[in-house]
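Before any comments, here is the structure.
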Amino acid sequence: MYQGIPASRGIGIGSICVIAEHELKYDAAKVQDVESEQKRFQDAIEKFKQETSEMAEDIRKRIGPKEAEILEGHLVMISDPSMSGEMGKMIATGQCAEASVEAVCDMFYGMFSKMDDDMMRQRASDIADIKVSLLKILLGIEDVDISSVAPGTVLVAKDLTPSMTSQIRKENVAGIITEVGGKTSHSAILARALEIPAVLSVPDITTLVKDKDTAIVDGTEGNVYINPDGDVLSQYIIKREEFIKKQAELKNFLGKETVTADGINLELFCNIGTPKDAKKAVECDGEGIGLFRSEFLFMDNNHMPSEEEQFAAYKEAAETLGGKAVIIRTLDIGGDKDIPYLNMKKEENPFLGYRAVRYCLGNRDSYKIQLRAIVRASAFGKVKIMVPLVTCVEEIREVKALVSEIKKELDAEGISYDKDIEVGCMIETASASLIADLLAKESDFFSIGTNDLTQYTMSVDRGNADVAYLYSTFQPSVLRSIKHIIECGRNAGIPVGMCGEAAADPLMIPLLISFGLTEFSVNPVLVLTARCIISKWSKAEADALAQKVMNLDTEKEIVDLLKAEAKE
């Protein structure tokens, strides 16, 4: 058995097809005819755009608009002057087109791959895909035709890029195994959209298997079996049937309220990054938006988005949700997220530096532009403002003062808005947890960001493989922190939600029910799964389990107990 990252749930059993990588070798000698080389480069760009547009349209028809946006994002990137323009400049100095493409893409890849945020690191994968696609066009190399594989095929590759994955026909592919990638990679997103079991980051898998080997892909646990014996194969055939049955049962939760086994109503919201994502949230039966990551409006631009540009985006999301809550997190920049046109200074330790609300309050003019756009959008739906990385009471007070100032301005201008727009804290630092009782007096709501809360509580850089074993929301210190935050919110009479990955974790859900969490915010595709799990737990059962958990000493003991008592 081989172990990898479970990226798309389900059991796949089939015959392996190994997708070999092409060698992208070229002569990097200086070119003599720069004008001719520029034309060759532009022709490659145009071909790339045409092929990518066709693939995006195919994905839009077969899978959905959300998934098509992945490849549409590639078109946006290559059209950005900071990318294609830099490549052209290098060619003008005598560099060949291949070397120029590789150098510029490698520069951007290095920038994005160092970021801690999973979604930002995914940009690095996009850049790598663009580079390979352009080099193949320049070198005249044809891609492997994945669309023609036989039914029951398990694809094995070093990496399945979005452009490769776009060729997959769901009816033919039983599973996917790769050597690289994670749960948030675009290949994982597309695999989940196609409902194909996938296990990623299995070391050296392309060299360990050969075509026609039989493979079992357990996309739920992250296990891969090659040429399994009869007993293992029989067990997994049964598991596959059980999984298919459970997935069919999830459809029973479509259009239903989110309620525990003993009738306690909860709210199940979605995390999004763009206004278009709001449509996906509605399609997946989300009851609101618990986290709108506004930084993507800034990162997808080569200039500071104007008030009108931001207003249009927030308004679109509010209208799409039709009166349901839309919680917009104000600009969370710095740390692992760099925006070149903001010219942020380099720091020794950016995660503990000038980022998020600290940066925003230090740049009030631009912050006011964003806050004005959000407040104006509140006239079109139930919009709320969430402040990231709060560490002291002064910060939330300063933001509220700015909002009050904006309200007066809008009143004077005769512009409508929600007079009672709520301002809340994202609780994601040890400091905020320790003073949660004080912050609750200043806030209309809390939202717990477990990704950073875990990182800061455990003093762990989750991007550092050497200490990654400590990065777990099930650490006793993190669970105590979460419980304390929720208690402080409840004592102050404000709602407490969670927008970190833990909100969708089947093992964490009963604990959150017991602690008193009122709002779960998850990836749109996990809405029905989370609703199903919530429906299986009564408050009394969750309390009994939580009492056992909170008396344990180690993360392993806690996880083992939760797995033993899980209801899936």
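Residues are named by chain letter and number: chains run A, B, ... in the order of the structure tokens, numbers start at 1 in each chain, and ligands are numbered from 1 in the order shown.
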
All helix (DSSP H, G or I) positions in stretch 384-539 of chain A, as an MDAnalysis selection string: chainID A and resid 393:413 430:434 436:442 450:458 468:470 476:492 501:504 509:515 524:535 539

Shell of 10 Å around A:Lys548, only C-alpha atoms, local chain residues under 3 positions omitted, as a ChimeraX atom specification: /A:543-545,551-552,558,561-562

Write a file of the selected residues as a compact mmCIF listing (two decimals), in the first residue's frame, keeping C-alpha atoms.
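File written: result_22.txt
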# COMPACT_ATOMS: atom_id res chain seq x y z
CA ASP A 543 -21.44 16.85 24.76
CA ALA A 544 -20.62 13.34 25.96
CA LEU A 545 -17.94 12.97 23.27
CA ASN A 551 -9.87 15.16 29.22
CA LEU A 552 -7.29 13.66 26.86
CA ILE A 558 -8.00 12.78 20.56
CA LEU A 561 -11.14 8.61 19.87
CA LEU A 562 -12.93 10.82 17.35

Show me, as CSV, the residues of stretch 438-474 of chain A having an atom within 12 Å of stretch 291-299 of chain A, each with the closest atom pair and its distance in Å, using only C-alpha atoms.
residue,atom,partner,partner_atom,distance
A:Phe446,CA,A:Leu291,CA,11.7
A:Ser447,CA,A:Leu291,CA,8.8
A:Ile448,CA,A:Leu291,CA,10.6
A:Gly449,CA,A:Leu291,CA,9.9

Expected answer as a PyMOL selection string: strand (DSSP E) residues in stretch 264-311 of chain A: chain A and resi 265-272+289-293

Selection: 9 Å around A:Thr214, only C-alpha atoms, excl. self and same-chain fewer than 3 positions, as a VMD selection string: chain A and resid 13 to 16 154 211 225 to 228

Print the selection's residues with N, CA and C atoms to a file, as a JSON list (two decimals), in the first residue's frame.
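Final file, result27.json:
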[["chain", "number", "residue", "atom", "x", "y", "z"],
["A", 13, "ILE", "N", -11.38, 1.66, -8.85],
["A", 13, "ILE", "CA", -10.68, 0.41, -9.14],
["A", 13, "ILE", "C", -10.56, 0.27, -10.65],
["A", 14, "GLY", "N", -9.33, 0.10, -11.13],
["A", 14, "GLY", "CA", -9.17, 0.00, -12.58],
["A", 14, "GLY", "C", -7.77, -0.33, -13.03],
["A", 15, "SER", "N", -7.55, -0.18, -14.32],
["A", 15, "SER", "CA", -6.27, -0.50, -14.95],
["A", 15, "SER", "C", -5.47, 0.78, -15.18],
["A", 16, "ILE", "N", -4.20, 0.73, -14.81],
["A", 16, "ILE", "CA", -3.36, 1.94, -14.84],
["A", 16, "ILE", "C", -2.94, 2.33, -16.25],
["A", 154, "VAL", "N", -7.23, 4.04, -14.58],
["A", 154, "VAL", "CA", -6.69, 4.84, -13.47],
["A", 154, "VAL", "C", -5.50, 5.62, -14.02],
["A", 211, "ASP", "N", 1.91, 0.46, -17.05],
["A", 211, "ASP", "CA", 0.62, 0.34, -17.72],
["A", 211, "ASP", "C", 0.03, -1.06, -17.51],
["A", 225, "TYR", "N", -3.47, 1.00, -3.63],
["A", 225, "TYR", "CA", -3.02, -0.40, -3.69],
["A", 225, "TYR", "C", -2.72, -0.74, -5.15],
["A", 226, "ILE", "N", -1.57, -1.34, -5.38],
["A", 226, "ILE", "CA", -1.18, -1.75, -6.73],
["A", 226, "ILE", "C", -1.18, -3.28, -6.78],
["A", 227, "ASN", "N", -1.90, -3.82, -7.77],
["A", 227, "ASN", "CA", -2.06, -5.27, -7.93],
["A", 227, "ASN", "C", -2.41, -5.94, -6.60],
["A", 228, "PRO", "N", -3.53, -5.52, -5.98],
["A", 228, "PRO", "CA", -3.91, -6.05, -4.66],
["A", 228, "PRO", "C", -4.33, -7.51, -4.73]]

Distance query A:Leu75 at most 10 Å, only C-alpha atoms, self and fewer than 2 positions along chain excluded, as a PyMOL selection string: chain A and resi 45+48-50+52-53+56+69-73+77-80+130

Distance of atom CA of A:Ser166 from atom CA of A:Ser147, expressed in Å to one decimal place: 8.9 Å

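Across A:Ala566, A:Ile11, A:Leu24, A:Ala68, the tightest approach to A:Val132 is made by A:Leu24 when counting only C-alpha atoms.
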
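Considering the residues A:Leu250, A:Val149, A:Val326, A:Val104 and counting only C-alpha atoms, A:Pro81 has its shortest atom-to-atom contact with A:Val104.
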
Best match for closeness to A:Ile534 among A:Val31, A:Ala261, A:Leu233, A:Ala440, counting only C-alpha atoms: A:Ala261

Non-local contacts of A:Leu160 (10 Å; only C-alpha atoms; under 3 positions in same chain excluded) as a ChimeraX atom specification: /A:19,129,155-157,163-166,176-181,185-188,191,200

Atom-to-atom span, atom CA of A:Gln455 and atom CA of A:Leu190, Å: 28.1 Å
